[in-house]
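File shown here: my_file.pdb, holding PDB, C-alpha atoms.
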ATOM      1  CA  MET A   1      -2.268  16.031 -26.480
ATOM      2  CA  SER A   2       0.216  14.269 -28.704
ATOM      3  CA  ILE A   3      -0.323  10.522 -28.939
ATOM      4  CA  SER A   4       1.643   8.286 -31.268
ATOM      5  CA  GLY A   5       0.550   4.832 -32.228
ATOM      6  CA  ALA A   6       3.991   3.415 -31.444
ATOM      7  CA  ASN A   7       7.426   4.841 -30.952
ATOM      8  CA  ASN A   8       9.850   2.148 -32.026
ATOM      9  CA  ILE A   9      13.496   1.430 -31.397
ATOM     10  CA  SER A  10      14.640  -1.665 -33.303
ATOM     11  CA  GLY A  11      11.027  -2.738 -33.708
ATOM     12  CA  SER A  12      10.054  -2.381 -30.044
ATOM     13  CA  VAL A  13       8.148   0.292 -28.112
ATOM     14  CA  SER A  14      10.416   2.829 -26.379
ATOM     15  CA  GLU A  15       7.654   4.613 -24.446
ATOM     16  CA  PHE A  16       4.021   4.226 -23.443
ATOM     17  CA  ILE A  17       1.185   6.752 -23.345
ATOM     18  CA  LEU A  18      -0.794   6.722 -20.087
ATOM     19  CA  LEU A  19      -4.234   8.117 -20.912
ATOM     20  CA  GLY A  20      -5.063   8.556 -17.229
ATOM     21  CA  PHE A  21      -8.312  10.514 -16.897
ATOM     22  CA  PRO A  22      -9.281  11.912 -20.315
ATOM     23  CA  CYS A  23     -11.624  14.840 -19.694
ATOM     24  CA  ARG A  24     -11.888  18.602 -20.106
ATOM     25  CA  ARG A  25      -8.852  20.670 -19.111
ATOM     26  CA  GLU A  26     -10.701  22.375 -16.237
ATOM     27  CA  LEU A  27     -11.667  19.013 -14.743
ATOM     28  CA  GLN A  28      -8.088  17.736 -15.110
ATOM     29  CA  VAL A  29      -6.823  20.745 -13.145
ATOM     30  CA  LEU A  30      -9.411  20.017 -10.438
ATOM     31  CA  LEU A  31      -8.327  16.351 -10.283
ATOM     32  CA  PHE A  32      -4.701  17.459 -10.060
ATOM     33  CA  VAL A  33      -5.470  19.707  -7.071
ATOM     34  CA  ILE A  34      -7.562  17.051  -5.270
ATOM     35  CA  PHE A  35      -5.054  14.235  -5.821
ATOM     36  CA  SER A  36      -2.136  16.502  -4.834
ATOM     37  CA  ILE A  37      -3.828  17.404  -1.531
ATOM     38  CA  ILE A  38      -4.582  13.736  -0.766
ATOM     39  CA  TYR A  39      -0.991  12.773  -1.637
ATOM     40  CA  LEU A  40       0.509  15.476   0.611
ATOM     41  CA  LEU A  41      -1.830  14.605   3.499
ATOM     42  CA  THR A  42      -0.903  10.926   3.083
ATOM     43  CA  LEU A  43       2.807  11.761   3.300
ATOM     44  CA  MET A  44       2.242  14.012   6.324
ATOM     45  CA  GLY A  45       0.039  11.487   8.151
ATOM     46  CA  ASN A  46       2.374   8.526   7.720
ATOM     47  CA  THR A  47       5.471  10.632   8.444
ATOM     48  CA  SER A  48       3.802  11.802  11.689
ATOM     49  CA  ILE A  49       3.326   8.194  12.797
ATOM     50  CA  ILE A  50       6.992   7.397  12.070
ATOM     51  CA  CYS A  51       8.127  10.477  14.017
ATOM     52  CA  ALA A  52       5.766   9.674  16.916
ATOM     53  CA  VAL A  53       7.107   6.123  17.237
ATOM     54  CA  ALA A  54      10.719   7.280  16.934
ATOM     55  CA  SER A  55      10.348  10.069  19.524
ATOM     56  CA  SER A  56       8.372   8.199  22.199
ATOM     57  CA  ARG A  57      10.208   5.498  24.151
ATOM     58  CA  LYS A  58       6.824   4.192  25.266
ATOM     59  CA  LEU A  59       6.148   3.202  21.649
ATOM     60  CA  HIS A  60       9.412   1.291  21.175
ATOM     61  CA  THR A  61       7.523  -2.007  21.206
ATOM     62  CA  PRO A  62       7.088  -4.577  18.413
ATOM     63  CA  MET A  63       3.532  -3.452  17.618
ATOM     64  CA  TYR A  64       4.535   0.166  17.036
ATOM     65  CA  ILE A  65       7.823  -0.722  15.324
ATOM     66  CA  LEU A  66       5.804  -2.760  12.815
ATOM     67  CA  LEU A  67       3.356   0.149  12.506
ATOM     68  CA  ALA A  68       6.173   2.651  11.829
ATOM     69  CA  ASN A  69       7.596   0.404   9.110
ATOM     70  CA  PHE A  70       4.103  -0.035   7.709
ATOM     71  CA  SER A  71       3.752   3.761   7.526
ATOM     72  CA  LEU A  72       7.117   3.997   5.742
ATOM     73  CA  LEU A  73       5.879   1.346   3.320
ATOM     74  CA  GLU A  74       2.721   3.394   2.678
ATOM     75  CA  ILE A  75       4.871   6.420   1.795
ATOM     76  CA  CYS A  76       6.900   4.333  -0.682
ATOM     77  CA  TYR A  77       3.738   2.654  -1.970
ATOM     78  CA  VAL A  78       1.864   5.862  -2.741
ATOM     79  CA  SER A  79       5.018   7.456  -4.189
ATOM     80  CA  SER A  80       5.578   4.616  -6.677
ATOM     81  CA  ASP A  81       2.797   5.784  -8.998
ATOM     82  CA  VAL A  82       1.024   8.951  -7.764
ATOM     83  CA  PRO A  83       3.771  11.513  -8.645
ATOM     84  CA  LYS A  84       3.854  10.258 -12.246
ATOM     85  CA  MET A  85       0.059  10.269 -12.350
ATOM     86  CA  LEU A  86       0.008  13.909 -11.180
ATOM     87  CA  ALA A  87       2.650  14.876 -13.736
ATOM     88  CA  ASN A  88       0.694  13.219 -16.554
ATOM     89  CA  ILE A  89      -2.594  14.891 -15.571
ATOM     90  CA  ILE A  90      -1.169  18.330 -16.378
ATOM     91  CA  SER A  91       1.132  17.134 -19.162
ATOM     92  CA  GLN A  92       0.274  17.231 -22.857
ATOM     93  CA  THR A  93       2.291  14.140 -23.841
ATOM     94  CA  LYS A  94       1.338  11.851 -20.912
ATOM     95  CA  SER A  95       4.232   9.538 -21.725
ATOM     96  CA  ILE A  96       6.382   7.202 -19.661
ATOM     97  CA  SER A  97       9.523   5.493 -20.903
ATOM     98  CA  TYR A  98       9.630   1.733 -21.418
ATOM     99  CA  ALA A  99      12.167   1.297 -18.603
ATOM    100  CA  GLY A 100      10.218   3.670 -16.368
ATOM    101  CA  CYS A 101       7.032   1.693 -16.972
ATOM    102  CA  LEU A 102       8.645  -1.618 -16.014
ATOM    103  CA  LEU A 103      10.245  -0.063 -12.926
ATOM    104  CA  GLN A 104       6.901   1.410 -11.885
ATOM    105  CA  PHE A 105       5.276  -2.014 -12.352
ATOM    106  CA  TYR A 106       7.980  -3.696 -10.259
ATOM    107  CA  PHE A 107       8.061  -1.207  -7.392
ATOM    108  CA  PHE A 108       4.287  -0.806  -7.153
ATOM    109  CA  PHE A 109       3.546  -4.530  -6.973
ATOM    110  CA  SER A 110       6.531  -5.130  -4.676
ATOM    111  CA  MET A 111       5.001  -2.623  -2.263
ATOM    112  CA  CYS A 112       1.617  -4.361  -2.610
ATOM    113  CA  ALA A 113       3.208  -7.702  -1.717
ATOM    114  CA  ALA A 114       5.127  -6.143   1.197
ATOM    115  CA  GLU A 115       1.876  -4.616   2.478
ATOM    116  CA  GLY A 116       0.297  -8.055   2.617
ATOM    117  CA  TYR A 117       3.314  -9.385   4.523
ATOM    118  CA  PHE A 118       3.293  -6.479   6.988
ATOM    119  CA  LEU A 119      -0.428  -6.892   7.643
ATOM    120  CA  SER A 120       0.233 -10.600   8.297
ATOM    121  CA  ALA A 121       3.099  -9.777  10.689
ATOM    122  CA  MET A 122       0.913  -7.270  12.534
ATOM    123  CA  SER A 123      -1.890  -9.822  12.868
ATOM    124  CA  TYR A 124       0.645 -12.337  14.256
ATOM    125  CA  ASP A 125       1.786  -9.737  16.791
ATOM    126  CA  ARG A 126      -1.831  -9.106  17.904
ATOM    127  CA  PHE A 127      -2.473 -12.857  18.074
ATOM    128  CA  LEU A 128       0.473 -13.358  20.439
ATOM    129  CA  ALA A 129      -0.395 -10.304  22.544
ATOM    130  CA  ILE A 130      -4.027 -11.337  23.101
ATOM    131  CA  CYS A 131      -4.031 -15.140  22.798
ATOM    132  CA  ARG A 132      -0.584 -15.789  24.364
ATOM    133  CA  PRO A 133      -0.107 -12.796  26.705
ATOM    134  CA  LEU A 134       2.185 -14.610  29.171
ATOM    135  CA  HIS A 135       4.494 -15.858  26.424
ATOM    136  CA  TYR A 136       4.384 -12.640  24.368
ATOM    137  CA  PRO A 137       7.553 -10.999  25.852
ATOM    138  CA  THR A 138       9.633 -14.142  25.307
ATOM    139  CA  ILE A 139       8.318 -14.860  21.779
ATOM    140  CA  MET A 140       7.913 -11.382  20.268
ATOM    141  CA  THR A 141      11.370 -10.089  21.100
ATOM    142  CA  HIS A 142      12.978  -7.114  19.380
ATOM    143  CA  HIS A 143      15.185  -9.597  17.526
ATOM    144  CA  LEU A 144      12.153 -11.455  16.116
ATOM    145  CA  CYS A 145      10.473  -8.140  15.318
ATOM    146  CA  ALA A 146      13.552  -7.026  13.356
ATOM    147  CA  ARG A 147      13.562 -10.320  11.443
ATOM    148  CA  LEU A 148       9.875  -9.899  10.590
ATOM    149  CA  VAL A 149      10.501  -6.358   9.331
ATOM    150  CA  VAL A 150      13.401  -7.512   7.131
ATOM    151  CA  PHE A 151      11.342 -10.451   5.832
ATOM    152  CA  CYS A 152       8.430  -8.187   4.881
ATOM    153  CA  TRP A 153      10.621  -5.675   3.020
ATOM    154  CA  VAL A 154      12.868  -8.197   1.279
ATOM    155  CA  GLY A 155      10.036 -10.655   0.660
ATOM    156  CA  GLY A 156       7.990  -7.997  -1.106
ATOM    157  CA  PHE A 157      10.767  -7.214  -3.575
ATOM    158  CA  LEU A 158      11.729 -10.852  -4.142
ATOM    159  CA  SER A 159       8.131 -12.005  -4.684
ATOM    160  CA  ILE A 160       7.663  -9.778  -7.744
ATOM    161  CA  LEU A 161      11.163 -10.309  -9.167
ATOM    162  CA  ILE A 162      10.247 -13.221 -11.473
ATOM    163  CA  PRO A 163       7.041 -11.552 -12.807
ATOM    164  CA  ALA A 164       9.052  -8.374 -13.450
ATOM    165  CA  ILE A 165      11.752 -10.299 -15.343
ATOM    166  CA  LEU A 166       9.093 -12.056 -17.434
ATOM    167  CA  MET A 167       7.370  -8.718 -18.126
ATOM    168  CA  SER A 168      10.674  -7.309 -19.399
ATOM    169  CA  GLN A 169      10.704 -10.096 -22.025
ATOM    170  CA  VAL A 170       7.169  -9.420 -23.301
ATOM    171  CA  PRO A 171       7.327  -8.101 -26.915
ATOM    172  CA  PHE A 172       5.768  -4.647 -27.393
ATOM    173  CA  CYS A 173       5.670  -3.372 -30.969
ATOM    174  CA  GLY A 174       2.657  -1.066 -30.878
ATOM    175  CA  PRO A 175       0.164   0.337 -30.177
ATOM    176  CA  ASN A 176       1.654   1.875 -27.037
ATOM    177  CA  ILE A 177      -1.463   3.501 -25.519
ATOM    178  CA  ILE A 178      -2.429   2.352 -21.998
ATOM    179  CA  ASP A 179      -5.949   3.322 -20.905
ATOM    180  CA  HIS A 180      -4.857   3.691 -17.280
ATOM    181  CA  PHE A 181      -2.969   6.106 -15.031
ATOM    182  CA  PHE A 182      -0.078   3.733 -14.291
ATOM    183  CA  CYS A 183       1.586   0.634 -15.729
ATOM    184  CA  ASP A 184      -0.798  -2.001 -14.401
ATOM    185  CA  LEU A 185      -0.435  -5.703 -15.202
ATOM    186  CA  GLY A 186      -3.579  -6.241 -17.291
ATOM    187  CA  PRO A 187      -3.243  -3.205 -19.604
ATOM    188  CA  LEU A 188       0.445  -4.011 -20.213
ATOM    189  CA  LEU A 189      -0.228  -7.644 -21.132
ATOM    190  CA  ALA A 190      -3.027  -6.490 -23.450
ATOM    191  CA  LEU A 191      -0.451  -4.570 -25.536
ATOM    192  CA  SER A 192       1.757  -7.614 -26.139
ATOM    193  CA  CYS A 193       2.499  -8.340 -29.820
ATOM    194  CA  ALA A 194       2.274 -12.079 -29.245
ATOM    195  CA  PRO A 195       0.521 -14.375 -26.745
ATOM    196  CA  VAL A 196       2.509 -14.746 -23.510
ATOM    197  CA  PRO A 197       0.715 -17.538 -21.618
ATOM    198  CA  LYS A 198       3.736 -18.301 -19.416
ATOM    199  CA  THR A 199       4.012 -14.702 -18.229
ATOM    200  CA  THR A 200       0.244 -14.365 -17.741
ATOM    201  CA  LEU A 201       0.033 -17.622 -15.761
ATOM    202  CA  THR A 202       3.073 -16.796 -13.611
ATOM    203  CA  CYS A 203       1.849 -13.289 -12.768
ATOM    204  CA  ALA A 204      -1.659 -14.570 -11.977
ATOM    205  CA  THR A 205      -0.294 -17.401  -9.823
ATOM    206  CA  VAL A 206       2.121 -15.209  -7.854
ATOM    207  CA  SER A 207      -0.465 -12.468  -7.221
ATOM    208  CA  SER A 208      -3.165 -14.989  -6.240
ATOM    209  CA  LEU A 209      -0.840 -16.838  -3.861
ATOM    210  CA  ILE A 210       0.268 -13.633  -2.130
ATOM    211  CA  ILE A 211      -3.294 -12.305  -1.847
ATOM    212  CA  PHE A 212      -4.979 -15.492  -0.645
ATOM    213  CA  ILE A 213      -2.240 -16.883   1.627
ATOM    214  CA  THR A 214      -1.747 -13.607   3.491
ATOM    215  CA  PHE A 215      -5.495 -12.890   3.635
ATOM    216  CA  LEU A 216      -6.378 -16.359   4.953
ATOM    217  CA  TYR A 217      -3.583 -16.147   7.526
ATOM    218  CA  ILE A 218      -4.804 -12.731   8.704
ATOM    219  CA  LEU A 219      -8.414 -13.948   8.788
ATOM    220  CA  GLY A 220      -7.419 -17.002  10.829
ATOM    221  CA  SER A 221      -5.356 -14.913  13.266
ATOM    222  CA  TYR A 222      -8.146 -12.419  13.905
ATOM    223  CA  THR A 223     -10.715 -15.212  14.274
ATOM    224  CA  LEU A 224      -8.636 -16.652  17.116
ATOM    225  CA  VAL A 225      -8.114 -13.154  18.543
ATOM    226  CA  LEU A 226     -11.858 -12.455  18.469
ATOM    227  CA  ARG A 227     -12.589 -15.729  20.248
ATOM    228  CA  ALA A 228     -10.044 -14.866  22.933
ATOM    229  CA  VAL A 229     -11.375 -11.322  23.368
ATOM    230  CA  LEU A 230     -14.960 -12.535  23.749
ATOM    231  CA  ARG A 231     -13.846 -14.754  26.651
ATOM    232  CA  VAL A 232     -12.424 -11.742  28.518
ATOM    233  CA  PRO A 233     -14.830 -10.168  31.065
ATOM    234  CA  ALA A 234     -16.233  -6.820  29.955
ATOM    235  CA  GLY A 235     -13.969  -3.949  30.986
ATOM    236  CA  SER A 236     -11.170  -1.661  29.893
ATOM    237  CA  GLY A 237      -8.866  -4.515  28.864
ATOM    238  CA  ARG A 238     -11.504  -6.005  26.592
ATOM    239  CA  ASN A 239     -12.374  -2.616  25.094
ATOM    240  CA  LYS A 240      -8.700  -1.828  24.388
ATOM    241  CA  ALA A 241      -8.193  -5.198  22.691
ATOM    242  CA  PHE A 242     -11.313  -4.679  20.589
ATOM    243  CA  SER A 243     -10.203  -1.155  19.629
ATOM    244  CA  THR A 244      -6.701  -2.216  18.561
ATOM    245  CA  CYS A 245      -7.884  -5.237  16.570
ATOM    246  CA  ALA A 246     -10.737  -3.276  14.979
ATOM    247  CA  SER A 247      -8.193  -0.742  13.678
ATOM    248  CA  HIS A 248      -6.023  -3.466  12.179
ATOM    249  CA  PHE A 249      -8.936  -5.346  10.637
ATOM    250  CA  LEU A 250     -10.391  -2.171   9.128
ATOM    251  CA  VAL A 251      -7.078  -1.546   7.340
ATOM    252  CA  VAL A 252      -7.040  -5.176   6.170
ATOM    253  CA  SER A 253     -10.608  -4.857   4.858
ATOM    254  CA  LEU A 254      -9.834  -1.655   2.936
ATOM    255  CA  PHE A 255      -6.732  -3.116   1.284
ATOM    256  CA  TYR A 256      -7.867  -6.662   0.513
ATOM    257  CA  GLY A 257     -11.412  -5.648  -0.414
ATOM    258  CA  SER A 258     -10.210  -3.357  -3.196
ATOM    259  CA  VAL A 259      -7.355  -5.641  -4.322
ATOM    260  CA  MET A 260      -9.641  -8.678  -4.626
ATOM    261  CA  VAL A 261     -12.213  -6.708  -6.616
ATOM    262  CA  MET A 262      -9.401  -5.665  -8.949
ATOM    263  CA  TYR A 263      -7.381  -8.873  -9.387
ATOM    264  CA  VAL A 264      -9.767 -11.680  -8.424
ATOM    265  CA  SER A 265     -13.170 -10.558  -9.720
ATOM    266  CA  PRO A 266     -13.565 -11.995 -13.276
ATOM    267  CA  GLY A 267     -15.347  -9.008 -14.830
ATOM    268  CA  SER A 268     -13.349  -6.211 -13.215
ATOM    269  CA  ARG A 269     -10.789  -5.912 -16.008
ATOM    270  CA  SER A 270     -13.354  -5.608 -18.782
ATOM    271  CA  HIS A 271     -14.489  -2.162 -17.592
ATOM    272  CA  PRO A 272     -11.643   0.393 -17.773
ATOM    273  CA  GLY A 273     -13.627   2.979 -15.784
ATOM    274  CA  THR A 274     -14.255   0.568 -12.901
ATOM    275  CA  GLN A 275     -10.658  -0.621 -13.118
ATOM    276  CA  LYS A 276      -9.311   2.906 -12.731
ATOM    277  CA  PHE A 277     -11.648   3.740  -9.852
ATOM    278  CA  VAL A 278     -10.852   0.594  -7.847
ATOM    279  CA  THR A 279      -7.121   0.931  -8.532
ATOM    280  CA  LEU A 280      -7.246   4.594  -7.517
ATOM    281  CA  PHE A 281      -8.937   3.566  -4.280
ATOM    282  CA  TYR A 282      -6.257   1.136  -3.130
ATOM    283  CA  CYS A 283      -3.475   3.347  -4.544
ATOM    284  CA  MET A 284      -4.525   6.537  -2.735
ATOM    285  CA  ALA A 285      -7.427   5.974  -0.343
ATOM    286  CA  THR A 286      -5.971   3.156   1.758
ATOM    287  CA  PRO A 287      -2.596   4.876   2.429
ATOM    288  CA  PHE A 288      -4.545   8.079   3.221
ATOM    289  CA  PHE A 289      -6.946   6.457   5.706
ATOM    290  CA  ASN A 290      -4.445   4.145   7.421
ATOM    291  CA  PRO A 291      -2.737   6.795   9.608
ATOM    292  CA  LEU A 292      -6.156   8.184  10.557
ATOM    293  CA  ILE A 293      -7.443   4.739  11.527
ATOM    294  CA  TYR A 294      -4.401   3.890  13.641
ATOM    295  CA  SER A 295      -3.965   7.280  15.325
ATOM    296  CA  LEU A 296      -7.626   8.045  16.098
ATOM    297  CA  ARG A 297      -8.319   4.667  17.720
ATOM    298  CA  ASN A 298      -5.123   4.401  19.786
ATOM    299  CA  LYS A 299      -4.600   6.507  22.925
ATOM    300  CA  ASP A 300      -0.823   5.979  23.122
ATOM    301  CA  MET A 301      -0.428   6.972  19.491
ATOM    302  CA  LYS A 302      -2.609  10.057  19.958
ATOM    303  CA  ASP A 303      -0.529  11.165  22.950
ATOM    304  CA  ALA A 304       2.733  10.688  21.030
ATOM    305  CA  LEU A 305       1.360  12.548  18.007
ATOM    306  CA  LYS A 306       0.281  15.464  20.213
ATOM    307  CA  LYS A 307       3.838  15.727  21.574
ATOM    308  CA  VAL A 308       5.342  15.603  18.068
ATOM    309  CA  LEU A 309       2.905  18.171  16.690
ATOM    310  CA  GLY A 310       3.334  20.345  19.776
ATOM    311  CA  ALA A 311       7.118  20.293  19.443
ATOM    312  CA  SER A 312       6.833  21.088  15.721
ATOM    313  CA  SER A 313       4.531  24.063  16.326
ATOM    314  CA  LYS A 314       6.905  25.444  18.993
ATOM    315  CA  GLU A 315       9.848  25.115  16.616
ATOM    316  CA  ILE A 316       7.906  26.922  13.872
ATOM    317  CA  SER A 317       6.928  29.736  16.245
ATOM    318  CA  LYS A 318      10.554  30.172  17.374
ATOM    319  CA  ASN A 319      11.742  30.398  13.777
ATOM    320  CA  THR A 320       8.988  32.897  13.024
ATOM    321  CA  GLU A 321       9.995  35.111  15.986
ATOM    322  CA  LYS A 322      13.610  35.087  14.775
TER
END
Render the structure in this file as structure tokens.
Amino acid sequence: MSISGANNISGSVSEFILLGFPCRRELQVLLFVIFSIIYLLTLMGNTSIICAVASSRKLHTPMYILLANFSLLEICYVSSDVPKMLANIISQTKSISYAGCLLQFYFFFSMCAAEGYFLSAMSYDRFLAICRPLHYPTIMTHHLCARLVVFCWVGGFLSILIPAILMSQVPFCGPNIIDHFFCDLGPLLALSCAPVPKTTLTCATVSSLIIFITFLYILGSYTLVLRAVLRVPAGSGRNKAFSTCASHFLVVSLFYGSVMVMYVSPGSRSHPGTQKFVTLFYCMATPFFNPLIYSLRNKDMKDALKKVLGASSKEISKNTEK
């Protein structure tokens, strides 16, 4: 593997070296195969949910529209860093351009922010459906749902715009070696030629605000939902409400649990191995498990997925016969 201390253009780094997972070649090939399978299954699972919602008129409701957009977000989220990680695992140079690194930083953290907003919107939808069932149709209209979707997408990209601009002004003059598999915030700031307290403070403030405000809102919403569900007499309605909310809260726990360990825990950044493992978990594991959690615990979604998969298998068999 060819690693240069710094590759300079006018005194600044033109590319970075992502060390990724330094190990024997045989183990790297094994990691490549495992991560590739998880990535493909993630794409297939989330695409299936989008197709199921689009094909079933029964699922053209705010809850499932938000879920379909959330699945699209997961596809974009996992695709912002995993393809480059896979390419670098089998590559000898393991490099990424300066511009590519900043773009990866911006898109990855924009998707993270958008995920927090979507989880908040989905918790608001469940709050209205369970705590305000009579007012739900008049409040959660398709118009409001569309506005929430636009807010989550646009808000994610706008939230990280200022940190991304500040990161583009950080001086990098070497070394250019990042002991990570993608351009994460901490490893990038550690390579700065000069102290950048303004950038560090801004990035920490923005990330903390997004994490804590969305998490506390979600926690408050589901606390009220749980109180309302416990007042409902035992039966099918109560079980369905529990099942739906349990699915949502499990996804929230997976995402926020790993993100808080990574960006809130004081000692997490001092151990590169732990940092990579936790980051890998919320980069790959959460988008992989989300479609399983939502589809396996939701009867309507399972029925729609069966129709989509059944139609796909019939189409494949027809093409095979031809």
- Message: What's around region 125-127 of chain A at 7 Å? Count only C-alpha atoms, leave out sequence neighbours fewer than 3 positions away in its own chain, and write the answer as a VMD selection string.
- Response: chain A and resid 63 121 to 122 130 to 131 221 225
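Nearest residue to Ala99 (chain A), choosing from A:Ile218, A:Met301, A:Ala190, A:Ala164 and counting only C-alpha atoms: A:Ala164.
Residue nearest Phe255 (chain A) within the list A:Phe277, A:Phe151, A:Tyr294, A:Phe215: A:Phe215 [criterion: smallest interatomic distance, all atoms listed in the file].
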- Message: For Pro22 (chain A), find every residue with an atom within 12 Å (counting all atoms listed in the file), except residues of its own chain fewer than 2 positions away, and show them as a PyMOL selection string.
- Response: chain A and resi 1+18-20+24-29+31+88-92+94+178-181+273+276
- Selection result for the PyMOL selection byres ((chain A and resi 49) around 12) on this file, as a PyMOL selection string: chain A and resi 42-48+50-56+59+64-75+290-296+298+300-309
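Residue nearest Gly257 (chain A) within the list A:Ile211, A:Leu103, A:Cys203, A:Leu134: A:Ile211 [criterion: smallest interatomic distance, all atoms listed in the file].
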- Task: Please return, as a count of residues only, all polymer residues that have at least one atom within 12 Å of the point (9.9, -10.3, -4.7); use all atoms listed in the file and the file's own coordinate frame.
- Result: 29
Run the PyMOL selection byres ((chain A and resi 79-84) around 8) against the file shown and list the residues it catches, as a compact mmCIF listing (two decimals) with C-alpha atoms, keeping the file's coordinate frame.
# COMPACT_ATOMS: atom_id res chain seq x y z
CA TYR A 39 -0.99 12.77 -1.64
CA ILE A 75 4.87 6.42 1.80
CA CYS A 76 6.90 4.33 -0.68
CA TYR A 77 3.74 2.65 -1.97
CA VAL A 78 1.86 5.86 -2.74
CA MET A 85 0.06 10.27 -12.35
CA LEU A 86 0.01 13.91 -11.18
CA ALA A 87 2.65 14.88 -13.74
CA ASN A 88 0.69 13.22 -16.55
CA GLN A 104 6.90 1.41 -11.88
CA PHE A 107 8.06 -1.21 -7.39
CA PHE A 108 4.29 -0.81 -7.15
CA PHE A 182 -0.08 3.73 -14.29
CA CYS A 283 -3.48 3.35 -4.54
CA MET A 284 -4.53 6.54 -2.74
- Query: What is the CA of Ala129 (chain A)-CA of Val251 (chain A) distance in Å, reported with one decimal?
  - Reply: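 Separation of CA of Ala129 (chain A) and CA of Val251 (chain A): 18.8 Å.
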- Task: List the residues matched by the PyMOL selection byres ((chain A and resi 167-176) around 6) in the displayed structure as number ranges by chain, ordered by chain and then by residue number.
- Result: A: 5-6, 12-13, 16, 164-166, 177, 192-193
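With only C-alpha atoms as the basis for measurement, A:Leu128 is the residue among A:Leu128, A:Leu224, A:Ile37, A:Leu102 that approaches Pro62 (chain A) most closely.
In terms of minimum interatomic distance to Pro133 (chain A), A:Ala228 ranks closest within A:Ala194, A:Ala228, A:Ile213, A:Ile96, counting only C-alpha atoms.
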- Separation of CA of Val33 (chain A) and CA of Leu280 (chain A), in Å?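 Interatomic distance, CA of Val33 (chain A) to CA of Leu280 (chain A): 15.2 Å.
The closest residue to Leu216 (chain A), picked from A:Tyr256, A:Pro137, A:Ile38, A:Gly100 and counting only C-alpha atoms, is A:Tyr256.
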- Message: Report, in Å to a single decimal, how far apart CA of Leu250 (chain A) and CA of Val229 (chain A) are.
- Response: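 Those two atoms sit 17.0 Å apart.
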